[in-house]
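Structure file final-v7.tsv; described as TSV, N, CA and C atoms.
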```tsv
chain	number	residue	atom	x	y	z
U	1	MET	N	-17.23	33.45	-34.69
U	1	MET	CA	-16.41	33.81	-33.54
U	1	MET	C	-16.95	33.17	-32.26
U	2	THR	N	-18.23	33.06	-32.16
U	2	THR	CA	-18.82	32.41	-31.00
U	2	THR	C	-18.40	30.95	-30.92
U	3	THR	N	-18.36	30.28	-32.08
U	3	THR	CA	-17.97	28.88	-32.13
U	3	THR	C	-16.54	28.71	-31.64
U	4	THR	N	-15.63	29.57	-32.07
U	4	THR	CA	-14.24	29.48	-31.66
U	4	THR	C	-14.11	29.66	-30.15
U	5	THR	N	-14.81	30.62	-29.61
U	5	THR	CA	-14.77	30.86	-28.16
U	5	THR	C	-15.33	29.66	-27.41
U	6	ARG	N	-16.42	29.10	-27.91
U	6	ARG	CA	-17.03	27.96	-27.25
U	6	ARG	C	-16.08	26.75	-27.26
U	7	ILE	N	-15.41	26.50	-28.35
U	7	ILE	CA	-14.48	25.38	-28.43
U	7	ILE	C	-13.33	25.58	-27.47
U	8	ARG	N	-12.82	26.78	-27.38
U	8	ARG	CA	-11.73	27.06	-26.46
U	8	ARG	C	-12.17	26.84	-25.02
U	9	SER	N	-13.36	27.28	-24.67
U	9	SER	CA	-13.80	27.13	-23.29
U	9	SER	C	-14.04	25.66	-22.96
U	10	LEU	N	-14.55	24.88	-23.92
U	10	LEU	CA	-14.75	23.46	-23.66
U	10	LEU	C	-13.42	22.74	-23.50
U	11	SER	N	-12.44	23.08	-24.34
U	11	SER	CA	-11.15	22.41	-24.21
U	11	SER	C	-10.47	22.82	-22.90
U	12	GLY	N	-10.69	24.02	-22.45
U	12	GLY	CA	-10.14	24.44	-21.16
U	12	GLY	C	-10.75	23.65	-20.02
U	13	LYS	N	-12.05	23.39	-20.08
U	13	LYS	CA	-12.71	22.59	-19.06
U	13	LYS	C	-12.25	21.15	-19.13
U	14	ALA	N	-12.08	20.65	-20.34
U	14	ALA	CA	-11.64	19.27	-20.50
U	14	ALA	C	-10.24	19.08	-19.93
U	15	MET	N	-9.40	20.07	-20.05
U	15	MET	CA	-8.05	19.99	-19.51
U	15	MET	C	-8.05	20.16	-18.00
U	16	ALA	N	-9.00	20.90	-17.47
U	16	ALA	CA	-9.03	21.17	-16.03
U	16	ALA	C	-9.39	19.91	-15.24
U	17	MET	N	-10.24	19.05	-15.77
U	17	MET	CA	-10.68	17.87	-15.03
U	17	MET	C	-9.54	16.91	-14.70
U	18	PRO	N	-8.68	16.52	-15.67
U	18	PRO	CA	-7.57	15.63	-15.29
U	18	PRO	C	-6.63	16.29	-14.28
U	19	LEU	N	-6.42	17.57	-14.41
U	19	LEU	CA	-5.56	18.25	-13.46
U	19	LEU	C	-6.18	18.28	-12.07
U	20	LEU	N	-7.49	18.42	-12.01
U	20	LEU	CA	-8.19	18.41	-10.73
U	20	LEU	C	-8.03	17.04	-10.06
U	21	PHE	N	-8.24	15.96	-10.82
U	21	PHE	CA	-8.09	14.62	-10.26
U	21	PHE	C	-6.65	14.35	-9.85
U	22	LEU	N	-5.71	14.83	-10.62
U	22	LEU	CA	-4.31	14.65	-10.28
U	22	LEU	C	-4.00	15.36	-8.97
U	23	GLY	N	-4.51	16.56	-8.82
U	23	GLY	CA	-4.29	17.31	-7.59
U	23	GLY	C	-4.93	16.64	-6.39
U	24	LEU	N	-6.12	16.12	-6.54
U	24	LEU	CA	-6.80	15.44	-5.44
U	24	LEU	C	-6.11	14.14	-5.07
U	25	SER	N	-5.62	13.41	-6.04
U	25	SER	CA	-4.95	12.16	-5.73
U	25	SER	C	-3.62	12.42	-5.02
U	26	ALA	N	-2.98	13.53	-5.31
U	26	ALA	CA	-1.72	13.87	-4.63
U	26	ALA	C	-1.98	14.17	-3.16
U	27	CYS	N	-3.13	14.73	-2.85
U	27	CYS	CA	-3.48	15.05	-1.46
U	27	CYS	C	-3.85	13.79	-0.69
U	28	ALA	N	-4.27	12.75	-1.37
U	28	ALA	CA	-4.74	11.54	-0.72
U	28	ALA	C	-3.60	10.78	-0.04
U	29	GLY	N	-2.38	10.97	-0.46
U	29	GLY	CA	-1.25	10.29	0.15
U	29	GLY	C	-0.98	8.95	-0.49
U	30	SER	N	-0.21	8.14	0.20
U	30	SER	CA	0.19	6.84	-0.31
U	30	SER	C	-0.97	5.84	-0.25
U	31	PRO	N	-1.09	4.97	-1.25
U	31	PRO	CA	-2.14	3.96	-1.20
U	31	PRO	C	-1.79	2.80	-0.27
U	32	TYR	N	-0.57	2.80	0.27
U	32	TYR	CA	-0.11	1.70	1.11
U	32	TYR	C	-0.41	1.97	2.57
U	33	ASP	N	-0.64	0.87	3.33
U	33	ASP	CA	-0.88	1.00	4.76
U	33	ASP	C	0.39	1.46	5.49
U	34	VAL	N	1.52	0.96	5.06
U	34	VAL	CA	2.82	1.40	5.55
U	34	VAL	C	3.69	1.56	4.33
U	35	ASP	N	4.30	2.73	4.16
U	35	ASP	CA	5.05	3.04	2.95
U	35	ASP	C	6.52	2.62	3.02
U	36	ALA	N	6.95	1.98	4.13
U	36	ALA	CA	8.35	1.60	4.29
U	36	ALA	C	8.76	0.55	3.26
U	37	ARG	N	9.94	0.71	2.69
U	37	ARG	CA	10.43	-0.21	1.66
U	37	ARG	C	11.24	-1.36	2.26
U	38	GLN	N	11.60	-1.25	3.54
U	38	GLN	CA	12.30	-2.31	4.26
U	38	GLN	C	11.58	-2.52	5.58
U	39	CYS	N	11.83	-3.67	6.19
U	39	CYS	CA	11.16	-3.99	7.45
U	39	CYS	C	11.53	-2.99	8.54
U	40	SER	N	10.53	-2.51	9.22
U	40	SER	CA	10.70	-1.60	10.35
U	40	SER	C	9.64	-1.95	11.38
U	41	PRO	N	10.01	-2.69	12.43
U	41	PRO	CA	9.01	-3.12	13.41
U	41	PRO	C	8.17	-1.98	13.98
U	42	SER	N	8.77	-0.84	14.20
U	42	SER	CA	8.01	0.27	14.77
U	42	SER	C	6.96	0.79	13.79
U	43	GLN	N	7.28	0.83	12.50
U	43	GLN	CA	6.31	1.29	11.51
U	43	GLN	C	5.28	0.21	11.18
U	44	HIS	N	5.69	-1.04	11.12
U	44	HIS	CA	4.79	-2.11	10.73
U	44	HIS	C	3.93	-2.62	11.87
U	45	GLN	N	4.14	-2.14	13.08
U	45	GLN	CA	3.34	-2.55	14.23
U	45	GLN	C	1.85	-2.23	14.02
U	46	VAL	N	1.54	-1.23	13.21
U	46	VAL	CA	0.15	-0.85	12.96
U	46	VAL	C	-0.62	-1.95	12.21
U	47	LEU	N	0.08	-2.92	11.65
U	47	LEU	CA	-0.57	-4.01	10.92
U	47	LEU	C	-1.17	-5.06	11.85
U	48	VAL	N	-0.71	-5.11	13.09
U	48	VAL	CA	-1.21	-6.10	14.05
U	48	VAL	C	-2.71	-5.86	14.29
U	49	GLY	N	-3.47	-6.93	14.17
U	49	GLY	CA	-4.92	-6.85	14.34
U	49	GLY	C	-5.68	-6.67	13.04
U	50	ARG	N	-4.96	-6.42	11.97
U	50	ARG	CA	-5.60	-6.23	10.65
U	50	ARG	C	-5.66	-7.56	9.91
U	51	ASN	N	-6.63	-7.68	9.02
U	51	ASN	CA	-6.75	-8.87	8.19
U	51	ASN	C	-5.69	-8.82	7.10
U	52	VAL	N	-4.95	-9.89	6.95
U	52	VAL	CA	-3.82	-9.92	6.01
U	52	VAL	C	-4.28	-9.69	4.57
U	53	GLY	N	-5.51	-10.05	4.24
U	53	GLY	CA	-6.01	-9.86	2.89
U	53	GLY	C	-6.32	-8.42	2.55
U	54	GLU	N	-6.43	-7.56	3.54
U	54	GLU	CA	-6.75	-6.15	3.32
U	54	GLU	C	-5.54	-5.24	3.41
U	55	ILE	N	-4.39	-5.79	3.71
U	55	ILE	CA	-3.18	-4.99	3.89
U	55	ILE	C	-2.53	-4.72	2.54
U	56	MET	N	-2.21	-3.45	2.29
U	56	MET	CA	-1.49	-3.08	1.06
U	56	MET	C	-0.10	-2.58	1.43
U	57	LEU	N	0.91	-3.27	0.94
U	57	LEU	CA	2.30	-2.90	1.19
U	57	LEU	C	3.00	-2.65	-0.13
U	58	PRO	N	4.06	-1.84	-0.13
U	58	PRO	CA	4.78	-1.57	-1.38
U	58	PRO	C	5.26	-2.87	-2.02
U	59	PRO	N	5.17	-2.97	-3.33
U	59	PRO	CA	5.61	-4.21	-4.01
U	59	PRO	C	7.10	-4.48	-3.86
U	60	THR	N	7.89	-3.47	-3.55
U	60	THR	CA	9.33	-3.67	-3.40
U	60	THR	C	9.71	-4.18	-2.01
U	61	LEU	N	8.76	-4.17	-1.06
U	61	LEU	CA	9.03	-4.67	0.28
U	61	LEU	C	9.00	-6.19	0.28
U	62	ARG	N	10.08	-6.79	0.74
U	62	ARG	CA	10.08	-8.26	0.86
U	62	ARG	C	9.25	-8.61	2.07
U	63	LYS	N	8.36	-9.57	1.89
U	63	LYS	CA	7.45	-9.93	2.98
U	63	LYS	C	7.10	-11.40	2.89
U	64	ARG	N	6.69	-11.94	4.03
U	64	ARG	CA	6.17	-13.30	4.06
U	64	ARG	C	5.13	-13.39	5.15
U	65	GLU	N	4.21	-14.33	4.94
U	65	GLU	CA	3.16	-14.59	5.91
U	65	GLU	C	3.43	-15.95	6.53
U	66	VAL	N	3.39	-16.01	7.84
U	66	VAL	CA	3.55	-17.27	8.54
U	66	VAL	C	2.21	-17.54	9.23
U	67	TRP	N	1.51	-18.53	8.73
U	67	TRP	CA	0.19	-18.87	9.27
U	67	TRP	C	0.37	-19.79	10.48
U	68	ALA	N	-0.59	-19.73	11.39
U	68	ALA	CA	-0.55	-20.51	12.62
U	68	ALA	C	-0.39	-22.00	12.35
U	69	SER	N	-0.98	-22.47	11.26
U	69	SER	CA	-0.92	-23.89	10.95
U	69	SER	C	0.25	-24.26	10.04
U	70	GLY	N	1.03	-23.28	9.62
U	70	GLY	CA	2.10	-23.53	8.66
U	70	GLY	C	3.48	-23.56	9.28
U	71	ALA	N	4.44	-23.90	8.46
U	71	ALA	CA	5.84	-23.94	8.89
U	71	ALA	C	6.56	-22.70	8.36
U	72	MET	N	7.66	-22.37	8.99
U	72	MET	CA	8.45	-21.20	8.59
U	72	MET	C	9.86	-21.66	8.23
U	73	THR	N	10.40	-21.10	7.14
U	73	THR	CA	11.77	-21.42	6.76
U	73	THR	C	12.74	-20.71	7.69
U	74	ASN	N	13.96	-21.18	7.75
U	74	ASN	CA	14.96	-20.61	8.65
U	74	ASN	C	15.88	-19.62	7.97
U	75	ASP	N	15.64	-19.27	6.71
U	75	ASP	CA	16.50	-18.29	6.05
U	75	ASP	C	16.22	-16.91	6.63
U	76	PHE	N	17.26	-16.20	7.01
U	76	PHE	CA	17.12	-14.91	7.68
U	76	PHE	C	17.42	-13.79	6.71
U	77	ASN	N	16.53	-12.83	6.64
U	77	ASN	CA	16.70	-11.64	5.81
U	77	ASN	C	16.21	-10.44	6.62
U	78	PRO	N	17.11	-9.62	7.17
U	78	PRO	CA	16.70	-8.53	8.05
U	78	PRO	C	15.83	-7.47	7.38
U	79	ALA	N	15.84	-7.41	6.05
U	79	ALA	CA	15.03	-6.41	5.35
U	79	ALA	C	13.61	-6.91	5.08
U	80	ARG	N	13.34	-8.19	5.33
U	80	ARG	CA	12.05	-8.80	5.02
U	80	ARG	C	11.09	-8.68	6.21
U	81	LEU	N	9.87	-8.32	5.93
U	81	LEU	CA	8.81	-8.25	6.93
U	81	LEU	C	8.17	-9.64	7.05
U	82	THR	N	8.10	-10.15	8.27
U	82	THR	CA	7.41	-11.41	8.52
U	82	THR	C	6.15	-11.09	9.32
U	83	MET	N	5.00	-11.49	8.77
U	83	MET	CA	3.72	-11.27	9.45
U	83	MET	C	3.22	-12.62	9.94
U	84	PHE	N	3.01	-12.74	11.23
U	84	PHE	CA	2.46	-13.96	11.81
U	84	PHE	C	0.95	-13.81	11.82
U	85	VAL	N	0.27	-14.79	11.22
U	85	VAL	CA	-1.16	-14.70	10.96
U	85	VAL	C	-1.90	-15.84	11.67
U	86	ASP	N	-3.02	-15.52	12.33
U	86	ASP	CA	-3.80	-16.57	13.00
U	86	ASP	C	-4.68	-17.31	12.00
U	87	ALA	N	-5.42	-18.29	12.48
U	87	ALA	CA	-6.24	-19.14	11.61
U	87	ALA	C	-7.34	-18.37	10.89
U	88	LYS	N	-7.75	-17.22	11.43
U	88	LYS	CA	-8.81	-16.42	10.81
U	88	LYS	C	-8.26	-15.39	9.82
U	89	GLY	N	-6.94	-15.27	9.72
U	89	GLY	CA	-6.33	-14.35	8.76
U	89	GLY	C	-5.93	-13.00	9.32
U	90	PHE	N	-5.88	-12.88	10.65
U	90	PHE	CA	-5.50	-11.61	11.25
U	90	PHE	C	-4.04	-11.65	11.72
U	91	VAL	N	-3.33	-10.54	11.50
U	91	VAL	CA	-1.92	-10.45	11.89
U	91	VAL	C	-1.85	-10.37	13.41
U	92	THR	N	-1.09	-11.28	14.01
U	92	THR	CA	-0.94	-11.29	15.47
U	92	THR	C	0.39	-10.68	15.91
U	93	ARG	N	1.37	-10.70	15.01
U	93	ARG	CA	2.69	-10.18	15.36
U	93	ARG	C	3.46	-9.89	14.08
U	94	VAL	N	4.37	-8.92	14.12
U	94	VAL	CA	5.26	-8.64	12.99
U	94	VAL	C	6.70	-8.69	13.49
U	95	ALA	N	7.58	-9.08	12.59
U	95	ALA	CA	9.01	-9.14	12.92
U	95	ALA	C	9.81	-9.00	11.63
U	96	CYS	N	11.09	-8.74	11.79
U	96	CYS	CA	11.99	-8.69	10.65
U	96	CYS	C	12.77	-9.99	10.60
U	97	GLY	N	13.01	-10.46	9.41
U	97	GLY	CA	13.83	-11.66	9.30
U	97	GLY	C	13.37	-12.65	8.30
```
Hey, can you dump this file as structure tokens for me?
Amino acid sequence: MTTTTRIRSLSGKAMAMPLLFLGLSACAGSPYDVDARQCSPSQHQVLVGRNVGEIMLPPTLRKREVWASGAMTNDFNPARLTMFVDAKGFVTRVACG
């Protein structure tokens, strides 16, 4: 009988750990810097001054980086986030299009 009780208590602890991590990860919030799925200049303004390599955006957000030394295409998409990046990799400006 002791063995049965011990097995039950161990399985209860084993089940509690994943639930604990799940609960903690839910409190942590979104892993993205900005959770917007479409371009929003007011929300994406927080990206200015950040290194483009450290920014995490939702994979469904259309985005492009325009580097200081590069060229930009003229195709316009109002839902796409355009990040203007300096030579060191920092976002200097954001816009939609």
At most 7 Å is the cut-off: for each residue in range 47-67 of chain U with any atom that close to an atom of range 36-43 of chain U, write down the nearest atom pair and the distance in Å rounded to one decimal, counting all atoms listed in the file, chain first then increasing number, as CSV.
```
residue,atom,partner,partner_atom,distance
U:Leu47,N,U:Gln43,C,6.1
U:Pro58,N,U:Ala36,C,6.3
U:Thr60,C,U:Arg37,C,5.3
U:Leu61,CA,U:Arg37,C,4.4
U:Arg62,N,U:Arg37,C,5.8
```
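Between CA of Tyr32 in chain U and CA of Val85 in chain U there is a distance of 19.2 Å.
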Mind checking which residues fall within 9 Å of Val66 in chain U, counting only C-alpha atoms, ignoring those fewer than 2 positions away in the same chain, and posting them as a ChimeraX atom specification? /U:64,68-72,82-86
Tell me, in Å to one decimal, how far CA of Asp35 in chain U is from atom C of Phe90 in chain U. 19.4 Å
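Rounded to one decimal, atom C of Trp67 in chain U and atom C of Val94 in chain U lie 13.1 Å from each other.
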Put the listed atoms of range 77-83 of chain U in a box along x, y and z with 6 Å added on every side and give me the centre and edge lengths in Å to one decimal, as JSON.
```
{"center_x": 10.2, "center_y": -9.6, "center_z": 7.5, "size_x": 25.9, "size_y": 18.4, "size_z": 16.9}
```
For Leu57 in chain U, which of U:Thr92, U:His44, U:Asn74, U:Gly97 is the closest residue, counting only C-alpha atoms? U:His44
